[in-house]
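The next block is run22.cif, given as mmCIF, C-alpha atoms and all ligand atoms.
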data_final
loop_
_atom_site.label_atom_id
_atom_site.label_comp_id
_atom_site.auth_asym_id
_atom_site.auth_seq_id
_atom_site.Cartn_x
_atom_site.Cartn_y
_atom_site.Cartn_z
CA MET Y 1 38.09 101.38 98.10
CA THR Y 2 40.21 99.64 95.52
CA PRO Y 3 40.39 95.85 96.07
CA LEU Y 4 43.57 94.37 97.58
CA SER Y 5 43.96 91.25 95.45
CA ALA Y 6 42.65 89.70 92.23
CA GLU Y 7 40.84 87.04 94.33
CA ASP Y 8 39.01 89.70 96.41
CA PHE Y 9 38.11 91.59 93.27
CA GLY Y 10 36.84 88.42 91.51
CA LYS Y 11 34.78 87.41 94.56
CA GLY Y 12 33.13 90.82 94.81
CA PHE Y 13 32.44 91.18 91.06
CA PRO Y 14 28.72 91.85 90.39
CA PHE Y 15 28.10 89.17 87.73
CA GLN Y 16 24.33 89.35 88.33
CA ARG Y 17 24.06 93.14 87.91
CA ASP Y 18 23.72 95.26 84.81
CA ILE Y 19 26.68 96.02 82.58
CA SER Y 20 27.13 99.65 83.62
CA GLU Y 21 27.53 98.52 87.24
CA GLN Y 22 30.01 95.84 86.10
CA ILE Y 23 32.06 98.48 84.26
CA ARG Y 24 32.11 100.73 87.35
CA PHE Y 25 33.30 97.77 89.44
CA LEU Y 26 36.00 96.89 86.91
CA LEU Y 27 37.31 100.45 87.28
CA THR Y 28 37.95 99.97 91.02
CA ALA Y 29 40.76 97.57 90.05
CA ALA Y 30 41.86 99.30 86.82
CA VAL Y 31 42.78 102.47 88.75
CA ARG Y 32 45.58 100.51 90.45
CA ALA Y 33 47.41 101.76 87.32
CA PRO Y 34 50.39 103.99 88.17
CA SER Y 35 50.41 107.70 87.37
CA THR Y 36 52.75 110.69 87.68
CA HIS Y 37 52.95 111.63 91.38
CA ASN Y 38 49.94 109.30 91.81
CA CYS Y 39 47.84 112.20 90.49
CA GLN Y 40 45.35 109.80 88.79
CA PRO Y 41 44.69 112.06 85.78
CA TRP Y 42 41.59 110.22 84.52
CA ARG Y 43 37.81 110.60 84.66
CA PHE Y 44 35.02 108.38 83.40
CA ARG Y 45 31.52 108.38 82.02
CA VAL Y 46 29.60 105.11 81.80
CA GLU Y 47 26.77 104.88 79.25
CA ASN Y 48 25.22 101.39 79.21
CA ASN Y 49 27.95 99.11 77.77
CA ARG Y 50 30.24 102.04 76.87
CA LEU Y 51 33.00 103.53 78.96
CA LEU Y 52 34.25 106.98 77.99
CA VAL Y 53 37.67 107.85 79.36
CA TYR Y 54 38.69 111.49 79.85
CA ARG Y 55 41.81 113.27 80.99
CA ASP Y 56 41.00 114.92 84.32
CA THR Y 57 41.64 118.57 83.45
CA ARG Y 58 41.19 119.57 87.11
CA ILE Y 59 44.71 118.21 87.65
CA ARG Y 60 47.52 120.43 86.44
CA LEU Y 61 51.26 119.80 86.65
CA PRO Y 62 52.68 122.85 84.87
CA GLN Y 63 56.21 122.09 86.07
CA SER Y 64 56.47 118.31 85.80
CA ASP Y 65 54.07 117.74 82.91
CA PRO Y 66 53.52 120.95 80.92
CA GLU Y 67 52.52 119.11 77.72
CA ASN Y 68 50.36 116.47 79.44
CA ARG Y 69 52.68 113.80 78.06
CA TYR Y 70 52.80 111.91 81.36
CA ALA Y 71 49.05 112.30 81.92
CA HIS Y 72 48.49 110.49 78.61
CA ILE Y 73 51.12 107.84 79.41
CA SER Y 74 49.36 107.24 82.76
CA ILE Y 75 46.02 106.89 80.94
CA GLY Y 76 47.73 104.43 78.56
CA PHE Y 77 48.65 102.31 81.62
CA LEU Y 78 45.02 102.56 82.76
CA LEU Y 79 43.68 101.43 79.34
CA HIS Y 80 45.95 98.39 79.47
CA HIS Y 81 44.64 97.55 82.97
CA ILE Y 82 41.04 97.88 81.69
CA ASP Y 83 41.88 95.62 78.73
CA LEU Y 84 43.43 92.90 80.93
CA LEU Y 85 40.59 92.93 83.45
CA GLY Y 86 37.89 93.02 80.75
CA LYS Y 87 39.43 90.08 78.88
CA TRP Y 88 39.77 88.04 82.07
CA LEU Y 89 36.07 88.63 82.84
CA SER Y 90 35.10 87.67 79.24
CA MET Y 91 33.76 91.19 78.63
CA ALA Y 92 35.43 91.47 75.18
CA PRO Y 93 36.68 95.07 75.65
CA GLN Y 94 37.06 97.02 72.38
CA ILE Y 95 39.25 100.08 72.85
CA SER Y 96 39.31 102.96 70.42
CA LEU Y 97 41.24 106.18 70.84
CA VAL Y 98 39.39 109.47 70.47
CA ASN Y 99 41.34 112.41 69.15
CA GLY Y 100 40.28 114.91 71.79
CA ASP Y 101 42.31 116.94 74.23
CA GLU Y 102 40.08 115.86 77.09
CA HIS Y 103 38.11 112.86 75.79
CA VAL Y 104 40.81 110.30 75.02
CA ALA Y 105 39.25 106.84 74.59
CA GLU Y 106 36.08 104.81 74.36
CA ILE Y 107 35.69 101.17 75.30
CA THR Y 108 32.71 98.92 74.65
CA PHE Y 109 32.08 95.75 76.64
CA SER Y 110 29.84 92.68 76.61
CA PRO Y 111 28.26 91.66 79.91
CA ALA Y 112 30.49 89.60 82.21
CA THR Y 113 29.12 86.18 82.94
CA LYS Y 114 32.08 84.40 84.50
CA ALA Y 115 35.75 84.90 85.33
CA GLU Y 116 38.29 82.51 83.81
CA GLU Y 117 41.32 81.43 85.84
CA ILE Y 118 43.18 84.58 87.00
CA PRO Y 119 45.89 85.42 84.42
CA PRO Y 120 49.37 86.24 85.81
CA LEU Y 121 49.22 89.86 84.57
CA VAL Y 122 45.92 90.41 86.44
CA VAL Y 123 47.55 89.05 89.62
CA ALA Y 124 50.42 91.48 88.92
CA ILE Y 125 48.03 94.49 88.86
CA PHE Y 126 47.68 94.10 92.64
CA LYS Y 127 51.30 93.05 93.30
CA ARG Y 128 52.82 95.95 91.37
CA ARG Y 129 54.34 98.93 93.18
CA ASN Y 130 56.69 101.59 91.96
CA ARG Y 131 59.72 100.64 94.11
CA ARG Y 132 62.68 102.94 94.66
CA GLY Y 133 66.21 102.12 95.80
CA VAL Y 134 69.32 100.12 94.94
CA PHE Y 135 68.85 96.77 93.16
CA GLU Y 136 70.53 93.45 93.91
CA ASP Y 137 73.08 92.13 91.47
CA LYS Y 138 70.80 89.61 89.72
CA PRO Y 139 70.30 89.36 85.96
CA ILE Y 140 66.97 89.00 84.13
CA SER Y 141 66.70 86.11 81.65
CA GLN Y 142 66.29 86.70 77.92
CA SER Y 143 62.96 84.82 77.86
CA ILE Y 144 61.51 87.36 80.34
CA PHE Y 145 62.73 90.26 78.17
CA ASP Y 146 61.08 88.64 75.15
CA GLU Y 147 57.79 88.19 76.99
CA ALA Y 148 57.93 91.73 78.42
CA THR Y 149 58.58 93.46 75.11
CA LYS Y 150 56.27 91.49 72.78
CA MET Y 151 52.65 92.46 73.07
CA GLN Y 152 49.36 92.68 71.28
CA MET Y 153 48.24 96.27 70.95
CA PRO Y 154 44.67 97.36 70.17
CA SER Y 155 44.30 99.78 67.26
CA PHE Y 156 47.29 101.88 68.39
CA ILE Y 157 50.51 102.44 66.48
CA PRO Y 158 52.95 100.36 68.58
CA PRO Y 159 55.80 102.31 70.20
CA GLU Y 160 59.46 101.35 70.00
CA VAL Y 161 60.53 99.38 73.06
CA LYS Y 162 64.25 98.95 73.69
CA VAL Y 163 66.14 97.24 76.52
CA VAL Y 164 69.72 97.83 77.62
CA THR Y 165 71.56 95.62 80.08
CA ASP Y 166 75.26 96.35 79.68
CA ARG Y 167 76.91 98.15 82.59
CA ALA Y 168 78.43 100.93 80.48
CA ALA Y 169 75.04 101.83 78.93
CA LEU Y 170 73.30 101.75 82.33
CA ALA Y 171 76.05 103.94 83.81
CA SER Y 172 75.69 106.46 81.00
CA ILE Y 173 71.88 106.63 81.49
CA ALA Y 174 72.50 107.04 85.23
CA ASP Y 175 74.94 109.91 84.65
CA ALA Y 176 72.79 111.74 82.11
CA THR Y 177 69.62 111.52 84.19
CA SER Y 178 71.35 112.50 87.45
CA GLY Y 179 72.73 115.62 85.80
CA ASN Y 180 69.19 116.42 84.69
CA MET Y 181 67.86 115.87 88.21
CA LYS Y 182 70.29 118.44 89.63
CA ARG Y 183 69.04 120.92 87.05
CA VAL Y 184 65.33 120.45 87.74
CA TYR Y 185 65.72 120.65 91.51
CA LYS Y 186 67.45 124.03 91.19
CA ARG Y 187 64.07 125.41 90.09
CA ARG Y 188 62.05 126.57 93.08
CA VAL Y 189 58.74 126.29 91.21
CA PHE Y 190 59.49 122.65 90.36
CA ARG Y 191 60.31 121.88 94.01
CA ARG Y 192 57.12 123.61 95.18
CA GLU Y 193 54.99 121.55 92.80
CA MET Y 194 56.81 118.29 93.63
CA SER Y 195 56.53 118.82 97.38
CA SER Y 196 52.77 119.39 97.14
CA TRP Y 197 52.36 115.78 95.95
CA ILE Y 198 54.37 114.12 98.75
CA THR Y 199 52.15 113.02 101.62
CA PRO Y 200 52.83 111.89 105.21
CA ASN Y 201 52.62 108.14 105.90
CA ASN Y 202 49.39 108.46 107.90
CA SER Y 203 47.70 111.01 105.66
CA THR Y 204 44.09 110.37 104.61
CA ARG Y 205 44.72 111.90 101.18
CA LYS Y 206 43.82 109.53 98.35
CA ASP Y 207 46.34 110.84 95.84
CA GLY Y 208 50.00 111.83 95.96
CA ILE Y 209 53.17 109.93 96.83
CA PRO Y 210 53.14 108.66 100.41
CA GLY Y 211 56.47 108.89 102.27
CA TYR Y 212 56.52 105.12 102.83
CA SER Y 213 56.71 104.53 99.06
CA LEU Y 214 59.84 106.74 99.11
CA ASN Y 215 61.26 104.49 101.88
CA GLN Y 216 60.70 107.20 104.55
CA PRO Y 217 59.77 106.55 108.19
CA THR Y 218 56.75 108.47 109.55
CA PHE Y 219 58.68 111.37 111.09
CA MET Y 220 60.64 112.01 107.89
CA SER Y 221 57.47 111.65 105.83
CA TRP Y 222 56.02 114.64 107.75
CA ILE Y 223 58.96 116.95 107.17
CA LEU Y 224 59.98 115.77 103.69
CA PRO Y 225 57.55 118.00 101.71
CA THR Y 226 58.83 121.11 103.56
CA VAL Y 227 62.45 120.07 103.13
CA ILE Y 228 61.98 119.46 99.39
CA ARG Y 229 60.23 122.79 98.97
CA LEU Y 230 62.78 124.88 100.87
CA VAL Y 231 66.08 123.12 100.30
CA ASN Y 232 67.63 122.17 97.00
CA MET Y 233 68.07 118.41 97.51
CA GLY Y 234 69.10 117.97 93.87
CA LYS Y 235 72.59 116.63 94.67
CA VAL Y 236 71.34 114.01 97.15
CA LEU Y 237 68.47 112.91 94.90
CA ALA Y 238 70.76 112.79 91.87
CA LYS Y 239 73.12 110.48 93.79
CA LEU Y 240 70.23 108.15 94.76
CA ASN Y 241 68.96 108.25 91.18
CA ASN Y 242 72.44 107.42 89.89
CA GLU Y 243 72.94 104.48 92.28
CA SER Y 244 69.54 103.05 91.48
CA ILE Y 245 69.88 103.17 87.70
CA ALA Y 246 73.50 101.99 87.72
CA SER Y 247 72.59 98.97 89.91
CA ALA Y 248 69.58 97.88 87.79
CA ALA Y 249 69.62 94.69 85.74
CA ALA Y 250 68.03 96.49 82.78
CA ALA Y 251 66.63 99.78 81.57
CA PHE Y 252 63.61 99.96 79.27
CA GLY Y 253 63.20 102.92 76.91
CA PHE Y 254 59.99 103.69 75.01
CA GLY Y 255 60.00 105.82 71.88
CA ALA Y 256 57.03 107.23 69.98
CA GLU Y 257 55.73 110.21 68.09
CA ASP Y 258 55.35 113.24 70.37
CA SER Y 259 51.53 113.28 70.37
CA PRO Y 260 48.67 112.19 72.65
CA SER Y 261 48.15 108.95 70.67
CA GLY Y 262 51.91 108.21 70.77
CA TRP Y 263 51.92 108.75 74.55
CA LEU Y 264 48.82 106.60 75.11
CA SER Y 265 50.41 103.76 73.17
CA VAL Y 266 53.64 104.14 75.19
CA GLY Y 267 51.65 103.83 78.43
CA PHE Y 268 49.78 100.78 77.15
CA ALA Y 269 53.00 99.04 76.11
CA ALA Y 270 54.91 100.08 79.26
CA SER Y 271 52.11 98.64 81.38
CA HIS Y 272 52.46 95.27 79.62
CA THR Y 273 56.24 95.39 80.16
CA ALA Y 274 56.01 96.39 83.83
CA LEU Y 275 53.28 93.88 84.73
CA THR Y 276 55.13 91.05 82.93
CA LEU Y 277 58.25 91.81 84.98
CA VAL Y 278 56.22 91.94 88.21
CA ALA Y 279 54.58 88.60 87.31
CA HIS Y 280 58.14 87.18 87.30
CA ASN Y 281 58.90 88.78 90.70
CA ILE Y 282 61.00 91.55 89.20
CA ASP Y 283 60.60 95.11 90.48
CA TYR Y 284 60.84 98.33 88.57
CA SER Y 285 61.37 102.08 89.14
CA VAL Y 286 60.15 104.83 86.84
CA PHE Y 287 62.53 107.72 86.11
CA VAL Y 288 60.74 110.46 84.34
CA ALA Y 289 61.53 113.64 86.27
CA SER Y 290 65.09 112.78 85.30
CA ILE Y 291 64.52 113.12 81.54
CA GLU Y 292 62.86 116.50 81.79
CA TYR Y 293 65.27 118.44 79.57
CA GLU Y 294 65.35 117.98 75.81
CA ASP Y 295 69.11 117.40 75.64
CA THR Y 296 68.87 114.63 78.27
CA ARG Y 297 65.93 113.02 76.48
CA LYS Y 298 67.95 113.06 73.30
CA SER Y 299 71.16 111.67 74.77
CA VAL Y 300 69.36 108.90 76.72
CA GLY Y 301 67.29 108.08 73.61
CA GLU Y 302 70.58 107.59 71.75
CA VAL Y 303 71.82 105.10 74.37
CA PHE Y 304 68.68 103.04 73.63
CA ARG Y 305 69.23 103.58 69.87
CA LEU Y 306 65.65 104.79 69.52
CA HIS Y 307 64.56 106.20 66.17
CA GLN Y 308 61.72 108.22 67.72
CA PRO Y 309 61.81 110.58 70.73
CA LEU Y 310 62.27 108.93 74.15
CA GLU Y 311 58.94 109.25 75.98
CA PHE Y 312 59.30 107.03 79.03
CA LEU Y 313 62.03 105.26 80.97
CA PHE Y 314 62.11 102.71 83.73
CA VAL Y 315 64.70 100.40 85.18
CA ALA Y 316 64.15 96.91 86.55
CA GLY Y 317 65.79 94.39 88.83
CA THR Y 318 65.34 92.72 92.19
CA PHE Y 319 65.11 94.43 95.57
CA PRO Y 320 66.44 92.64 98.65
CA ASP Y 321 63.14 93.00 100.57
CA GLU Y 322 59.41 92.83 99.91
CA VAL Y 323 56.96 95.55 100.96
CA ALA Y 324 53.35 95.32 102.09
CA TRP Y 325 52.17 98.86 101.30
CA MET Y 326 49.90 99.93 98.46
CA THR Y 327 49.57 103.60 97.50
CA PRO Y 328 46.00 104.97 97.86
CA ARG Y 329 43.50 105.70 95.10
CA ILE Y 330 40.61 108.18 94.77
CA SER Y 331 37.25 106.41 94.80
CA ILE Y 332 35.56 105.79 91.45
CA GLU Y 333 32.50 107.82 92.54
CA ASP Y 334 34.72 110.92 92.67
CA LYS Y 335 36.00 110.20 89.15
CA LEU Y 336 32.65 109.60 87.47
CA ILE Y 337 31.12 112.34 85.34
CA PRO Y 338 27.32 112.05 85.71
CA SER Y 339 25.58 110.99 82.45
C1 LIG W 1 53.97 108.64 83.65
C2 LIG W 1 54.60 108.32 84.98
C3 LIG W 1 55.69 109.07 85.43
C4 LIG W 1 56.30 108.80 86.65
N1 LIG W 1 57.43 109.49 87.04
C5 LIG W 1 58.10 109.13 88.14
C6 LIG W 1 59.36 109.72 88.48
O1 LIG W 1 59.88 110.57 87.75
N2 LIG W 1 59.98 109.33 89.60
C7 LIG W 1 59.45 108.38 90.42
O2 LIG W 1 60.06 108.06 91.43
N3 LIG W 1 58.26 107.79 90.13
C8 LIG W 1 57.58 108.12 89.01
N4 LIG W 1 56.39 107.49 88.68
C9 LIG W 1 55.80 106.52 89.60
C10 LIG W 1 54.61 107.12 90.37
O3 LIG W 1 55.06 108.05 91.33
C11 LIG W 1 53.79 105.99 91.02
O4 LIG W 1 53.29 105.18 90.01
C12 LIG W 1 52.63 106.53 91.84
O5 LIG W 1 53.11 107.23 92.96
C13 LIG W 1 51.68 105.42 92.32
O6 LIG W 1 52.36 104.46 93.10
P1 LIG W 1 52.38 102.92 92.66
O7 LIG W 1 52.94 102.85 91.26
O8 LIG W 1 53.27 102.25 93.66
O9 LIG W 1 50.98 102.40 92.69
C14 LIG W 1 55.77 107.75 87.46
C15 LIG W 1 54.67 107.00 87.01
C16 LIG W 1 54.10 107.26 85.78
C17 LIG W 1 52.95 106.41 85.29
#

If you took the structure in this file and wrote it as structure tokens, what would it be?
Amino acid sequence: MTPLSAEDFGKGFPFQRDISEQIRFLLTAAVRAPSTHNCQPWRFRVENNRLLVYRDTRIRLPQSDPENRYAHISIGFLLHHIDLLGKWLSMAPQISLVNGDEHVAEITFSPATKAEEIPPLVVAIFKRRNRRGVFEDKPISQSIFDEATKMQMPSFIPPEVKVVTDRAALASIADATSGNMKRVYKRRVFRREMSSWITPNNSTRKDGIPGYSLNQPTFMSWILPTVIRLVNMGKVLAKLNNESIASAAAAFGFGAEDSPSGWLSVGFAASHTALTLVAHNIDYSVFVASIEYEDTRKSVGEVFRLHQPLEFLFVAGTFPDEVAWMTPRISIEDKLIPS
């Protein structure tokens, strides 16, 4: 089970046990990191004070992630979560990227002896959810943008991070990405893959996107995968996508070199941005399926005035309600590769 709050996690932390057990416990919170379709594309090996992070090659998304770009971005989010938790627990995490297709990073730690006061971004790890819907008309202050876009990176090449807030730019991102959405949903193979990751509200599955996180009541959550598979819902989804992006207070675009290390650094930076927003009670929605086609990626990248290819996009703002749900996670035992 992943812990439900930073306090619970801190209380349960095995300060008296050996470092490899401490690292395994740290992972139970780090995997709160978001991932494409909640597919959790990571695996781990723990060797004394060393954590080896792998891409989980058992998971394949040939339609939504043929190049493994989003798998690497998700692992970048995870590395940032590991870094935040390790620093809080005075474990001095040292992250280095490994240039492998499967083996992507190594992190060394010192033993945890005590937890400092819980930092706001660690609290945000447990408060964060990928929300979906129409935002309230409420701006975000410049000081929050500054905090969200300035970060200390480990030994990665930092990505470009750009924010747009003007209505015309948001509307043009909304239009471009909605057009893209209609195109992807025309493809039956895409719909089949997408639908296989949507799960009913009371499912016991530990991965996938539960209907409740798509704002669906239980009955709809049961039929939604079949509907998505059989019916082209592109127009309806494009309209929802358009309304959401156009109503947001801001859109964040991340640009980097098209390579595994570029994607990992995008994920790391995007995690800092997202958690900083959440720490200030601002919600966010990721829109990636909507930049699937090269021409859309290019035109949206131009709206952000990025010099490098657009790799990741999310919008942020405030939702009128709060939610209590948390999407599930696969247990760490099932993600550990035996040493
Ligand atoms: C790389 C990446 C791509 C994603 N793409 C989309 C997307 O296109 N549309 C969407 O609604 N959510 C997207 N998400 C959000 C995930 O579906 C969400 O993080 C996951 O279901 C886990 O839920 P949680 O973030 O609430 O914990 C993406 C997340 C990541 C990290």

> At what distance in Å, to one decimal, does atom CA of Y:Pro158 lie from atom CA of Y:Tyr284?
Replying inline: 21.6 Å

>> What residues of the protein or nucleic acid chains come within 8 Å of ligand LIG 1 (chain W) when you use only C-alpha atoms and all ligand atoms? Reply as a PyMOL selection string.
In response: chain Y and resi 32-39+69-74+77+128-132+208-210+213-214+267+285-290+312+326-328

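Minimum distance to Y:Asp321 across Y:Tyr212, Y:Leu275, Y:Gly133, Y:Ser339 (counting all atoms listed in the file) occurs at Y:Gly133.
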
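As for atom CA of Y:Gln94 and atom CA of Y:Ser271, they are spaced 17.6 Å apart.
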
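With distances restricted to only C-alpha atoms, Y:Leu61 is the closest residue to Y:Glu193 from Y:Met233, Y:Met91, Y:Leu61, Y:Val123.
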
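The nearest approach to Y:Trp88 among the residues Y:Tyr185, Y:Phe9, Y:Trp263, Y:Tyr293, with all atoms listed in the file taken into account, belongs to Y:Phe9.
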
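Comparing Y:Lys206, Y:Val163, Y:Val189, Y:Val236 by their smallest distance to Y:Ile332, the closest is Y:Lys206 (using all atoms listed in the file).
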
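Distance annotation: of Y:Thr218, Y:Ile330, Y:Thr273, Y:Val315, the residue with the minimal separation from Y:Pro41 is Y:Ile330; atom set is all atoms listed in the file.
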
For stretch 65-94 of chain Y, which lacks atoms in the input, supply N, CA and C atoms and format the output as a compact mmCIF listing (two decimals), in the coordinates of the input.
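selection_29.txt was written with the following content:
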# COMPACT_ATOMS: atom_id res chain seq x y z
N ASP Y 65 54.71 118.32 84.10
CA ASP Y 65 54.07 117.74 82.91
C ASP Y 65 53.37 118.83 82.08
N PRO Y 66 54.15 119.82 81.60
CA PRO Y 66 53.52 120.95 80.92
C PRO Y 66 52.76 120.57 79.66
N GLU Y 67 53.20 119.48 78.98
CA GLU Y 67 52.52 119.11 77.72
C GLU Y 67 51.48 118.02 77.90
N ASN Y 68 51.27 117.59 79.13
CA ASN Y 68 50.36 116.47 79.44
C ASN Y 68 50.83 115.15 78.84
N ARG Y 69 52.12 115.05 78.57
CA ARG Y 69 52.68 113.80 78.06
C ARG Y 69 52.48 112.68 79.09
N TYR Y 70 52.84 112.98 80.34
CA TYR Y 70 52.80 111.91 81.36
C TYR Y 70 51.37 111.60 81.80
N ALA Y 71 50.46 112.60 81.65
CA ALA Y 71 49.05 112.30 81.92
C ALA Y 71 48.56 111.27 80.91
N HIS Y 72 48.92 111.45 79.63
CA HIS Y 72 48.49 110.49 78.61
C HIS Y 72 49.17 109.13 78.81
N ILE Y 73 50.45 109.14 79.18
CA ILE Y 73 51.12 107.84 79.41
C ILE Y 73 50.42 107.11 80.56
N SER Y 74 50.06 107.86 81.62
CA SER Y 74 49.36 107.24 82.76
C SER Y 74 48.03 106.66 82.29
N ILE Y 75 47.31 107.39 81.44
CA ILE Y 75 46.02 106.89 80.94
C ILE Y 75 46.25 105.66 80.05
N GLY Y 76 47.38 105.63 79.34
CA GLY Y 76 47.73 104.43 78.56
C GLY Y 76 47.88 103.21 79.47
N PHE Y 77 48.54 103.39 80.62
CA PHE Y 77 48.65 102.31 81.62
C PHE Y 77 47.24 101.87 82.04
N LEU Y 78 46.39 102.85 82.32
CA LEU Y 78 45.02 102.56 82.76
C LEU Y 78 44.26 101.75 81.69
N LEU Y 79 44.39 102.15 80.42
CA LEU Y 79 43.68 101.43 79.34
C LEU Y 79 44.15 99.98 79.28
N HIS Y 80 45.44 99.76 79.48
CA HIS Y 80 45.95 98.39 79.47
C HIS Y 80 45.36 97.59 80.64
N HIS Y 81 45.24 98.23 81.82
CA HIS Y 81 44.64 97.55 82.97
C HIS Y 81 43.17 97.19 82.67
N ILE Y 82 42.45 98.13 82.03
CA ILE Y 82 41.04 97.88 81.69
C ILE Y 82 40.96 96.71 80.71
N ASP Y 83 41.86 96.69 79.74
CA ASP Y 83 41.88 95.62 78.73
C ASP Y 83 42.12 94.25 79.38
N LEU Y 84 43.12 94.19 80.26
CA LEU Y 84 43.43 92.90 80.93
C LEU Y 84 42.26 92.41 81.77
N LEU Y 85 41.68 93.34 82.55
CA LEU Y 85 40.59 92.93 83.45
C LEU Y 85 39.36 92.52 82.64
N GLY Y 86 39.06 93.31 81.59
CA GLY Y 86 37.89 93.02 80.75
C GLY Y 86 38.04 91.67 80.06
N LYS Y 87 39.22 91.37 79.57
CA LYS Y 87 39.43 90.08 78.88
C LYS Y 87 39.30 88.93 79.86
N TRP Y 88 39.87 89.09 81.05
CA TRP Y 88 39.77 88.04 82.07
C TRP Y 88 38.29 87.74 82.40
N LEU Y 89 37.48 88.80 82.46
CA LEU Y 89 36.07 88.63 82.84
C LEU Y 89 35.17 88.32 81.64
N SER Y 90 35.78 87.95 80.52
CA SER Y 90 35.10 87.67 79.24
C SER Y 90 34.14 88.79 78.84
N MET Y 91 34.59 90.03 79.00
CA MET Y 91 33.76 91.19 78.63
C MET Y 91 34.11 91.75 77.24
N ALA Y 92 35.04 91.08 76.55
CA ALA Y 92 35.43 91.47 75.18
C ALA Y 92 35.61 92.99 75.01
N PRO Y 93 36.52 93.60 75.77
CA PRO Y 93 36.68 95.07 75.65
C PRO Y 93 37.21 95.47 74.26
N GLN Y 94 36.61 96.49 73.68
CA GLN Y 94 37.06 97.02 72.38
C GLN Y 94 37.45 98.47 72.61
